[in-house]
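Chemist: So that we are looking at the same thing, I have put the structure below in structure tokens.
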Amino acid sequence: MAKHVVILGAGYGGIQAALETRRGLTADAAKITIVNREPFHQLITELHQPAAGRLQEKNITIPLDKLLSGKRIGVCLGEVASIQLDKRTVALADGSELKYDILVVALGSESEYFGIEGLKENSFVLKSVHDATRIRSHIEDCIERYKVTEDPADLTFAVGGAGLTGIELIGELADMIPIFCKKHGVDPKNVKLLSVEAMPTILPGFPESLTDRAKASLSARGVEFLTGVPLVKMEPDQATLKDGRIIQTHTMIWTGGVRGHSVVQNSGLEVEPRGRARINDSLQAEGHPEVFVIGDSALLLNKETGRPYPPTAQLAGQMGIHCGQQIYSLLKGGELEPFTPHTQGTLASLGRKDAIGMVGERRLEVTGKPAAWLKEGSKLRYLTQIGGLFARA
Ligand code: NAD
């Protein structure tokens, strides 16, 4: 009888895991079901663009029915509520249940608030196209309201955390906010665009040459950097920094870090303090060979440094492909193989026309248009790989 492979999450890891599992197993050998809250796959590495109004949401989503058409992969729309490891079932928020033989957990991450007072209630996050829509319409509302209130807080936009998410977003905002201002008859000179970062420098893990380049590019477009000072409190109309500084603003977009998904944390799987599941070399959860955990919810350690790999889309995709291969090995009685990540590099856009990055194993530095083209190229390569180039909405 066909085994049931249930994949939770249709993100970068889940989609690749589904496609690869199906590549290796016929429908007689395995029924594959992918569970997702939304009826589409989101290119979450591109969320900064709709958040700042450059692209529409439909440009960065791919309907699952189109993407998976003819691939014999079932889609179950619903929100995963919990996993029952003992019964090998997954409960959905609507009360229904799915029984699995093999489970792939690819639910991504959630925002980490580090217990900062008022932050969750009074900030925006950028984790989905819905978040992007919310941010864009809030920014337009603030600009429109300023025409009436002339309150500087309405034109002060803060991004908390200057990692890749925060920097890519602020680069895009620096380009797009002046366009919104023009549309609403507001002088863009009155806009304050703040990047608040706890560490002394932006973009942890990037060499100084590139962080300096990023700062220069963004400063030239009006971004102000408040580095070396953590945000410690957030209220509806003001942010408090550790040195006592107060920023009057109605807009804090929090990009200060991520943690494993709460479903993983509450599943009974072994997790570390940031909520990520401990996995073995073949990506199986500790003590549960029938459960694979991939992407941002898994703790993947770099054997050389002993530190976790940063949770990137690139890594999630590679884990998804490897996981699919392990599943068909497992079901065909073959040997499981350890996962080895291949670093292709990291590219960060700094708005519409600029980018920085490190390419290849040797981390060759690239800047400006070539870096922006490489970033666009990597998106197109990904879309081609999953068969999503012409499947967009
Ligand atoms: P991150 O953890 O990489 O960066 C968060 C930043 O917030 C850090 O610099 C941290 O010092 C800062 N911070 C934390 N607490 C703070 C506080 N109280 N006040 C001010 N600053 C504070 O998080 P991210 O940028 O969301 O990225 C998450 C993961 O996704 C990373 O692994 C990243 O590499 C990956 N990512 C990759 C890309 C890309 O490849 N282009 C884009 C986005 C995200």
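The chains in the structure tokens are called A, B, ... from first to last as shown; in each chain the residues are counted from 1, and the ligands are counted from 1 in the order shown.
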Extract, using only C-alpha atoms, all DNA, RNA and protein residues at most 12 Å from Ser209 in chain A, discarding same-chain residues fewer than 6 positions from it, and format them as number ranges by chain.
Modeler: A: 201-203, 215-216, 356-358, 364-367
Chemist: For Lys99 in chain A, list every protein, DNA or RNA residue within 12 Å, evaluated using only C-alpha atoms, and leave out those in the same chain fewer than 6 positions away; present the list as a list in words.
Modeler: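 Final neighbour list, sorted by chain and number: Lys3, His4, Val5, Val6, Ile7, Lys31, Ile32, Thr33, Ile83, Gln84, Leu85, Asp86, Lys87, Arg88, Thr89, Val90, Ala91 and Leu92 of chain A.
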Chemist: Would you write out those residues with N, CA, C and O atoms, as a short mmCIF file (atom, residue, chain, number, x, y, z; two decimals), in the first residue's frame?
Modeler:
data_model
loop_
_atom_site.label_atom_id
_atom_site.label_comp_id
_atom_site.auth_asym_id
_atom_site.auth_seq_id
_atom_site.Cartn_x
_atom_site.Cartn_y
_atom_site.Cartn_z
N LYS A 3 2.58 4.56 0.90
CA LYS A 3 2.84 5.26 2.17
C LYS A 3 2.39 6.71 2.02
O LYS A 3 2.46 7.27 0.91
N HIS A 4 1.97 7.30 3.14
CA HIS A 4 1.54 8.70 3.06
C HIS A 4 2.66 9.62 3.57
O HIS A 4 3.03 9.57 4.74
N VAL A 5 3.17 10.44 2.65
CA VAL A 5 4.20 11.42 3.01
C VAL A 5 3.49 12.76 3.16
O VAL A 5 2.91 13.28 2.19
N VAL A 6 3.50 13.31 4.35
CA VAL A 6 2.83 14.59 4.60
C VAL A 6 3.91 15.65 4.80
O VAL A 6 4.83 15.47 5.61
N ILE A 7 3.79 16.72 4.04
CA ILE A 7 4.78 17.80 4.11
C ILE A 7 4.10 19.05 4.64
O ILE A 7 3.09 19.51 4.06
N LYS A 31 1.83 8.36 -1.49
CA LYS A 31 0.87 9.45 -1.69
C LYS A 31 1.53 10.66 -1.01
O LYS A 31 2.01 10.54 0.14
N ILE A 32 1.58 11.78 -1.71
CA ILE A 32 2.24 12.95 -1.12
C ILE A 32 1.20 14.06 -0.92
O ILE A 32 0.46 14.40 -1.85
N THR A 33 1.15 14.59 0.28
CA THR A 33 0.24 15.71 0.56
C THR A 33 1.05 16.86 1.15
O THR A 33 1.82 16.66 2.09
N ILE A 83 1.21 18.61 16.11
CA ILE A 83 1.68 17.32 15.60
C ILE A 83 1.57 16.33 16.76
O ILE A 83 2.01 16.64 17.88
N GLN A 84 0.98 15.15 16.51
CA GLN A 84 0.92 14.11 17.54
C GLN A 84 1.89 13.01 17.11
O GLN A 84 1.54 12.17 16.27
N LEU A 85 3.08 13.04 17.67
CA LEU A 85 4.13 12.11 17.25
C LEU A 85 3.74 10.66 17.54
O LEU A 85 4.00 9.77 16.74
N ASP A 86 3.08 10.44 18.69
CA ASP A 86 2.73 9.06 19.08
C ASP A 86 1.70 8.45 18.14
O ASP A 86 1.77 7.29 17.77
N LYS A 87 0.74 9.27 17.71
CA LYS A 87 -0.32 8.74 16.81
C LYS A 87 0.05 8.90 15.34
O LYS A 87 -0.68 8.47 14.45
N ARG A 88 1.15 9.59 15.08
CA ARG A 88 1.56 9.93 13.70
C ARG A 88 0.44 10.67 12.96
O ARG A 88 0.03 10.29 11.85
N THR A 89 -0.04 11.70 13.63
CA THR A 89 -1.07 12.53 12.99
C THR A 89 -0.70 14.00 13.12
O THR A 89 0.08 14.40 14.00
N VAL A 90 -1.33 14.78 12.24
CA VAL A 90 -1.18 16.24 12.28
C VAL A 90 -2.59 16.80 12.42
O VAL A 90 -3.49 16.40 11.67
N ALA A 91 -2.79 17.69 13.39
CA ALA A 91 -4.11 18.31 13.55
C ALA A 91 -4.08 19.69 12.91
O ALA A 91 -3.12 20.45 13.07
N LEU A 92 -5.16 19.99 12.18
CA LEU A 92 -5.28 21.31 11.57
C LEU A 92 -6.21 22.18 12.40
O LEU A 92 -7.01 21.67 13.19
#
Chemist: Could you give me the residues within range 108-312 of chain A that DSSP places in strand (DSSP E), as a ChimeraX atom specification?
Modeler: /A:109-111,156-160,192-197,223-227,231-235,238-241,246-248,251-254,258-260,277-278,284-285,288-293,298-299
Chemist: How close does chain A get to ligand 1? List, as a Markdown table, each residue of chain A within 6 Å, its nearest atom pair and the distance in Å to one decimal, counting only C-alpha atoms and all ligand atoms.
Modeler:
| residue | atom | partner | partner_atom_place_in_ligand_line | distance |
| --- | --- | --- | --- | --- |
| A:Thr45 | CA | ligand 1 | 42 (C) | 5.5 |
| A:Gly160 | CA | ligand 1 | 20 (C) | 5.2 |
| A:Gly161 | CA | ligand 1 | 7 (O) | 3.2 |
| A:Ala162 | CA | ligand 1 | 9 (O) | 4.8 |
| A:Gly163 | CA | ligand 1 | 4 (O) | 3.5 |
| A:Leu164 | CA | ligand 1 | 25 (O) | 4.0 |
| A:Thr165 | CA | ligand 1 | 25 (O) | 3.8 |
| A:Gly166 | CA | ligand 1 | 25 (O) | 5.5 |
| A:Val196 | CA | ligand 1 | 20 (C) | 5.2 |
| A:Glu197 | CA | ligand 1 | 21 (N) | 3.6 |
| A:Ala198 | CA | ligand 1 | 21 (N) | 3.9 |
| A:Met199 | CA | ligand 1 | 11 (O) | 4.9 |
| A:Leu203 | CA | ligand 1 | 9 (O) | 5.9 |
| A:Pro204 | CA | ligand 1 | 9 (O) | 5.6 |
| A:Pro230 | CA | ligand 1 | 19 (N) | 3.4 |
| A:Leu231 | CA | ligand 1 | 19 (N) | 3.9 |
| A:Val232 | CA | ligand 1 | 18 (N) | 5.8 |
| A:Thr255 | CA | ligand 1 | 26 (O) | 4.7 |
| A:Gly256 | CA | ligand 1 | 7 (O) | 3.3 |
| A:Gly257 | CA | ligand 1 | 2 (O) | 3.7 |
| A:Val258 | CA | ligand 1 | 28 (C) | 5.8 |
| A:Pro310 | CA | ligand 1 | 32 (O) | 3.9 |
| A:Pro311 | CA | ligand 1 | 32 (O) | 4.2 |
| A:Thr312 | CA | ligand 1 | 35 (C) | 4.5 |
| A:Thr346 | CA | ligand 1 | 40 (O) | 5.1 |
| A:Leu347 | CA | ligand 1 | 41 (N) | 5.1 |
| A:Ala348 | CA | ligand 1 | 41 (N) | 4.5 |
Chemist: Could those selected residues go to a file with N, CA, C and O atoms, as a JSON list (two decimals), in the first residue's frame?
Modeler:
[["chain", "number", "residue", "atom", "x", "y", "z"],
["A", 45, "THR", "N", 11.87, 35.81, -0.05],
["A", 45, "THR", "CA", 13.09, 36.63, -0.16],
["A", 45, "THR", "C", 12.81, 37.93, -0.91],
["A", 45, "THR", "O", 13.66, 38.81, -0.94],
["A", 160, "GLY", "N", 13.62, 47.90, 12.86],
["A", 160, "GLY", "CA", 14.39, 47.37, 13.99],
["A", 160, "GLY", "C", 15.15, 46.13, 13.58],
["A", 160, "GLY", "O", 14.54, 45.12, 13.22],
["A", 161, "GLY", "N", 16.49, 46.21, 13.63],
["A", 161, "GLY", "CA", 17.32, 45.08, 13.20],
["A", 161, "GLY", "C", 17.86, 45.36, 11.81],
["A", 161, "GLY", "O", 17.08, 45.64, 10.89],
["A", 162, "ALA", "N", 19.20, 45.32, 11.69],
["A", 162, "ALA", "CA", 19.83, 45.58, 10.38],
["A", 162, "ALA", "C", 20.52, 44.34, 9.86],
["A", 162, "ALA", "O", 21.66, 44.37, 9.42],
["A", 163, "GLY", "N", 19.80, 43.20, 9.95],
["A", 163, "GLY", "CA", 20.25, 41.98, 9.26],
["A", 163, "GLY", "C", 19.82, 42.09, 7.81],
["A", 163, "GLY", "O", 19.41, 43.18, 7.34],
["A", 164, "LEU", "N", 19.83, 40.97, 7.10],
["A", 164, "LEU", "CA", 19.48, 41.03, 5.67],
["A", 164, "LEU", "C", 18.05, 41.50, 5.44],
["A", 164, "LEU", "O", 17.79, 42.29, 4.54],
["A", 165, "THR", "N", 17.12, 41.02, 6.27],
["A", 165, "THR", "CA", 15.72, 41.41, 6.07],
["A", 165, "THR", "C", 15.56, 42.92, 6.24],
["A", 165, "THR", "O", 14.95, 43.60, 5.41],
["A", 166, "GLY", "N", 16.12, 43.46, 7.34],
["A", 166, "GLY", "CA", 15.98, 44.88, 7.64],
["A", 166, "GLY", "C", 16.64, 45.75, 6.59],
["A", 166, "GLY", "O", 16.07, 46.77, 6.15],
["A", 196, "VAL", "N", 17.59, 50.77, 13.17],
["A", 196, "VAL", "CA", 18.02, 50.62, 14.56],
["A", 196, "VAL", "C", 18.67, 49.25, 14.71],
["A", 196, "VAL", "O", 18.03, 48.23, 14.44],
["A", 197, "GLU", "N", 19.91, 49.22, 15.13],
["A", 197, "GLU", "CA", 20.64, 47.94, 15.21],
["A", 197, "GLU", "C", 21.41, 47.85, 16.53],
["A", 197, "GLU", "O", 22.17, 48.76, 16.88],
["A", 198, "ALA", "N", 21.23, 46.73, 17.23],
["A", 198, "ALA", "CA", 21.88, 46.54, 18.53],
["A", 198, "ALA", "C", 23.40, 46.40, 18.41],
["A", 198, "ALA", "O", 24.14, 46.87, 19.28],
["A", 199, "MET", "N", 23.85, 45.77, 17.34],
["A", 199, "MET", "CA", 25.29, 45.53, 17.17],
["A", 199, "MET", "C", 25.97, 46.80, 16.65],
["A", 199, "MET", "O", 25.31, 47.66, 16.08],
["A", 203, "LEU", "N", 24.43, 44.29, 9.04],
["A", 203, "LEU", "CA", 24.67, 43.05, 8.29],
["A", 203, "LEU", "C", 25.70, 42.11, 8.92],
["A", 203, "LEU", "O", 26.82, 41.96, 8.39],
["A", 204, "PRO", "N", 25.33, 41.50, 10.05],
["A", 204, "PRO", "CA", 26.27, 40.59, 10.69],
["A", 204, "PRO", "C", 26.74, 39.52, 9.72],
["A", 204, "PRO", "O", 25.94, 38.99, 8.93],
["A", 230, "PRO", "N", 20.43, 48.78, 21.28],
["A", 230, "PRO", "CA", 19.22, 47.97, 21.09],
["A", 230, "PRO", "C", 17.94, 48.72, 21.41],
["A", 230, "PRO", "O", 17.93, 49.62, 22.25],
["A", 231, "LEU", "N", 16.90, 48.29, 20.73],
["A", 231, "LEU", "CA", 15.56, 48.73, 21.07],
["A", 231, "LEU", "C", 15.18, 47.99, 22.35],
["A", 231, "LEU", "O", 15.41, 46.78, 22.45],
["A", 232, "VAL", "N", 14.61, 48.70, 23.34],
["A", 232, "VAL", "CA", 14.25, 48.00, 24.58],
["A", 232, "VAL", "C", 12.76, 48.06, 24.90],
["A", 232, "VAL", "O", 12.28, 47.30, 25.75],
["A", 255, "THR", "N", 12.58, 43.44, 12.35],
["A", 255, "THR", "CA", 13.30, 42.40, 11.59],
["A", 255, "THR", "C", 14.51, 41.96, 12.42],
["A", 255, "THR", "O", 15.59, 41.72, 11.90],
["A", 256, "GLY", "N", 14.29, 41.88, 13.74],
["A", 256, "GLY", "CA", 15.41, 41.65, 14.66],
["A", 256, "GLY", "C", 15.80, 40.20, 14.88],
["A", 256, "GLY", "O", 16.66, 39.93, 15.71],
["A", 257, "GLY", "N", 15.20, 39.28, 14.17],
["A", 257, "GLY", "CA", 15.63, 37.89, 14.31],
["A", 257, "GLY", "C", 14.47, 36.93, 14.21],
["A", 257, "GLY", "O", 13.29, 37.32, 14.24],
["A", 258, "VAL", "N", 14.82, 35.66, 14.06],
["A", 258, "VAL", "CA", 13.78, 34.64, 13.89],
["A", 258, "VAL", "C", 14.02, 33.47, 14.84],
["A", 258, "VAL", "O", 15.12, 33.30, 15.36],
["A", 310, "PRO", "N", 23.05, 29.97, 9.22],
["A", 310, "PRO", "CA", 21.95, 30.92, 9.19],
["A", 310, "PRO", "C", 20.80, 30.36, 8.36],
["A", 310, "PRO", "O", 21.03, 29.68, 7.36],
["A", 311, "PRO", "N", 19.57, 30.62, 8.80],
["A", 311, "PRO", "CA", 18.41, 30.01, 8.13],
["A", 311, "PRO", "C", 18.04, 30.74, 6.83],
["A", 311, "PRO", "O", 17.23, 31.65, 6.83],
["A", 312, "THR", "N", 18.63, 30.34, 5.72],
["A", 312, "THR", "CA", 18.34, 31.04, 4.46],
["A", 312, "THR", "C", 17.43, 30.20, 3.56],
["A", 312, "THR", "O", 17.32, 28.98, 3.72],
["A", 346, "THR", "N", 25.72, 34.92, -0.77],
["A", 346, "THR", "CA", 24.62, 35.69, -0.21],
["A", 346, "THR", "C", 24.56, 37.02, -0.94],
["A", 346, "THR", "O", 25.59, 37.69, -1.08],
["A", 347, "LEU", "N", 23.38, 37.38, -1.39],
["A", 347, "LEU", "CA", 23.21, 38.65, -2.10],
["A", 347, "LEU", "C", 22.14, 39.45, -1.39],
["A", 347, "LEU", "O", 21.11, 38.90, -0.98],
["A", 348, "ALA", "N", 22.39, 40.74, -1.21],
["A", 348, "ALA", "CA", 21.41, 41.58, -0.54],
["A", 348, "ALA", "C", 21.11, 42.77, -1.42],
["A", 348, "ALA", "O", 22.02, 43.50, -1.84]]
Chemist: What is the CA of Glu286 in chain A-CA of Tyr12 in chain A distance in Å, reported with one decimal?
Modeler: 22.6 Å
Chemist: Which residues are close to Arg278 in chain A, i.e. within 9 Å by only C-alpha atoms, leaving aside same-chain residues fewer than 4 positions away? Reply as a PyMOL selection string.
Modeler: chain A and resi 269-272+283-286+293+298-300
Chemist: One decimal, Å: what's the distance from CA of Ile60 in chain A over to CA of Phe390 in chain A, could you say?
Modeler: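 So the answer is 12.1 Å.
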Chemist: To one decimal in Å, tell me the separation between CA of Ala372 in chain A and CA of Leu350 in chain A.
Modeler: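 Here the two named atoms are 8.6 Å from each other.
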Chemist: Smallest atom-to-atom distance to Glu290 in chain A: which of A:Gln238, A:Asn302, A:Ser217, A:Gln326, using only C-alpha atoms?
Modeler: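 Answer, going by the shortest atom-to-atom distance: A:Gln326.
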Chemist: Leaving out Leu301 in chain A and any residue of its chain fewer than 3 positions from it, which residues lie within 10 Å of it when counting only C-alpha atoms, given as a list in words?
Modeler: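 Counting only the stated atoms, we get Arg278, Ile279, Asn280, Asp281, Ala298, Glu304, Thr305, Gly306, Arg307, Pro308, Tyr309 and Pro310 of chain A.
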Chemist: Hey, what's within 12 Å of His130 in chain A if we count only C-alpha atoms and toss same-chain stuff fewer than 2 positions away? As a list in words, please?
Modeler: Glu38, Gln42, Ile44, Leu47, His48, Pro50, Ala51, Gln56, Glu57, Lys58, Ile60, Thr61, Phe124, Val125, Leu126, Lys127, Ser128, Ala132, Thr133, Arg134, Ile135, Arg136 and Ser137 of chain A
Chemist: Suppose we keep C-alpha atoms; can you now write the selection as a CSV table (one decimal), in the first residue's frame?
Modeler:
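Written file, part-v5.csv:
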chain,number,residue,atom,x,y,z
A,38,GLU,CA,-2.2,29.9,1.8
A,42,GLN,CA,5.5,32.8,-1.6
A,44,ILE,CA,9.6,35.4,0.8
A,47,LEU,CA,8.8,40.5,0.3
A,48,HIS,CA,10.6,43.8,0.7
A,50,PRO,CA,5.6,44.6,-2.2
A,51,ALA,CA,6.1,46.0,1.3
A,56,GLN,CA,2.3,43.7,-6.3
A,57,GLU,CA,1.8,40.6,-4.1
A,58,LYS,CA,0.8,38.6,-7.1
A,60,ILE,CA,5.8,37.1,-5.8
A,61,THR,CA,3.3,34.4,-5.3
A,124,PHE,CA,5.0,45.1,12.0
A,125,VAL,CA,6.8,42.1,10.8
A,126,LEU,CA,7.7,41.0,7.2
A,127,LYS,CA,7.0,37.3,7.1
A,128,SER,CA,4.3,36.9,4.4
A,132,ALA,CA,3.9,43.2,3.1
A,133,THR,CA,0.4,44.5,2.2
A,134,ARG,CA,-0.2,45.7,5.7
A,135,ILE,CA,3.2,47.6,5.8
A,136,ARG,CA,2.6,49.2,2.5
A,137,SER,CA,-0.9,50.5,3.2
Chemist: Between A:Val104, A:Ile170, A:Leu226, A:Val359, which is the closest to Ser297 in chain A once you count only C-alpha atoms?
Modeler: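 Under the stated criterion, the closest residue is A:Val104.
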Chemist: Mind checking which residues fall within 9 Å of Leu25 in chain A, counting only C-alpha atoms, ignoring those fewer than 3 positions away in the same chain, and posting them as a ChimeraX atom specification?
Modeler: /A:20-22,28-30,327-328,331-332
Chemist: Take the residues from that selection and write them out as a short mmCIF file (atom, residue, chain, number, x, y, z; two decimals), in the first residue's frame, keeping N, CA, C and O atoms.
Modeler:
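Written out: part_29.cif:
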data_model
loop_
_atom_site.label_atom_id
_atom_site.label_comp_id
_atom_site.auth_asym_id
_atom_site.auth_seq_id
_atom_site.Cartn_x
_atom_site.Cartn_y
_atom_site.Cartn_z
N GLU A 20 10.96 16.57 -5.08
CA GLU A 20 12.02 15.56 -5.12
C GLU A 20 11.49 14.20 -4.69
O GLU A 20 11.86 13.18 -5.26
N THR A 21 10.62 14.17 -3.69
CA THR A 21 10.04 12.89 -3.26
C THR A 21 9.28 12.27 -4.43
O THR A 21 9.42 11.08 -4.73
N ARG A 22 8.49 13.09 -5.10
CA ARG A 22 7.70 12.57 -6.22
C ARG A 22 8.61 12.12 -7.37
O ARG A 22 8.33 11.15 -8.07
N ASP A 28 2.12 4.71 -6.75
CA ASP A 28 1.83 3.45 -6.05
C ASP A 28 2.65 3.34 -4.77
O ASP A 28 2.23 2.71 -3.80
N ALA A 29 3.84 3.91 -4.78
CA ALA A 29 4.73 3.79 -3.62
C ALA A 29 4.42 4.86 -2.56
O ALA A 29 4.59 4.60 -1.37
N ALA A 30 4.02 6.03 -3.00
CA ALA A 30 3.77 7.08 -2.00
C ALA A 30 2.70 8.05 -2.45
O ALA A 30 2.67 8.50 -3.60
N ILE A 327 13.83 10.37 1.66
CA ILE A 327 12.53 9.69 1.78
C ILE A 327 12.46 8.54 0.78
O ILE A 327 12.05 7.43 1.13
N TYR A 328 12.89 8.77 -0.46
CA TYR A 328 12.77 7.62 -1.35
C TYR A 328 13.78 6.53 -1.05
O TYR A 328 13.50 5.36 -1.22
N LEU A 331 12.05 4.59 1.81
CA LEU A 331 10.94 3.74 1.39
C LEU A 331 11.37 2.61 0.47
O LEU A 331 10.67 1.62 0.34
N LYS A 332 12.55 2.78 -0.16
CA LYS A 332 13.02 1.69 -1.03
C LYS A 332 14.02 0.80 -0.29
O LYS A 332 14.68 -0.03 -0.88
#
Chemist: May I ask which of the residues A:Cys323, A:Pro289, A:Gly260, A:Met176 is the closest one to Ser111 in chain A, counting only C-alpha atoms?
Modeler: A:Gly260
Chemist: Nearest to Val264 in chain A among A:Val105, A:Arg381, A:Glu208, A:Gly345, with distances taken over only C-alpha atoms: which residue is it?
Modeler: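 Going through A:Val105, A:Arg381, A:Glu208, A:Gly345 one by one, the smallest distance to Val264 in chain A is for A:Val105.
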Chemist: Please return, as number ranges by chain, all residues of range 61-197 of chain A that DSSP assigns to alpha helix (DSSP H) on the basis of the backbone.
Modeler: A: 64-67, 129-149, 164-183
Chemist: With only C-alpha atoms as the basis for distance, which of A:Glu46, A:Asp187, A:Glu112, A:Glu97 is at the shortest distance from Arg274 in chain A?
Modeler: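 Nearest candidate to Arg274 in chain A out of A:Glu46, A:Asp187, A:Glu112, A:Glu97: A:Glu112.
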Chemist: Give the answer as one residue: which of A:Leu194, A:Ala355, A:Ala10, A:Leu98 has the shortest atom-to-atom distance to Ala316 in chain A, using only C-alpha atoms?
Modeler: A:Ala10
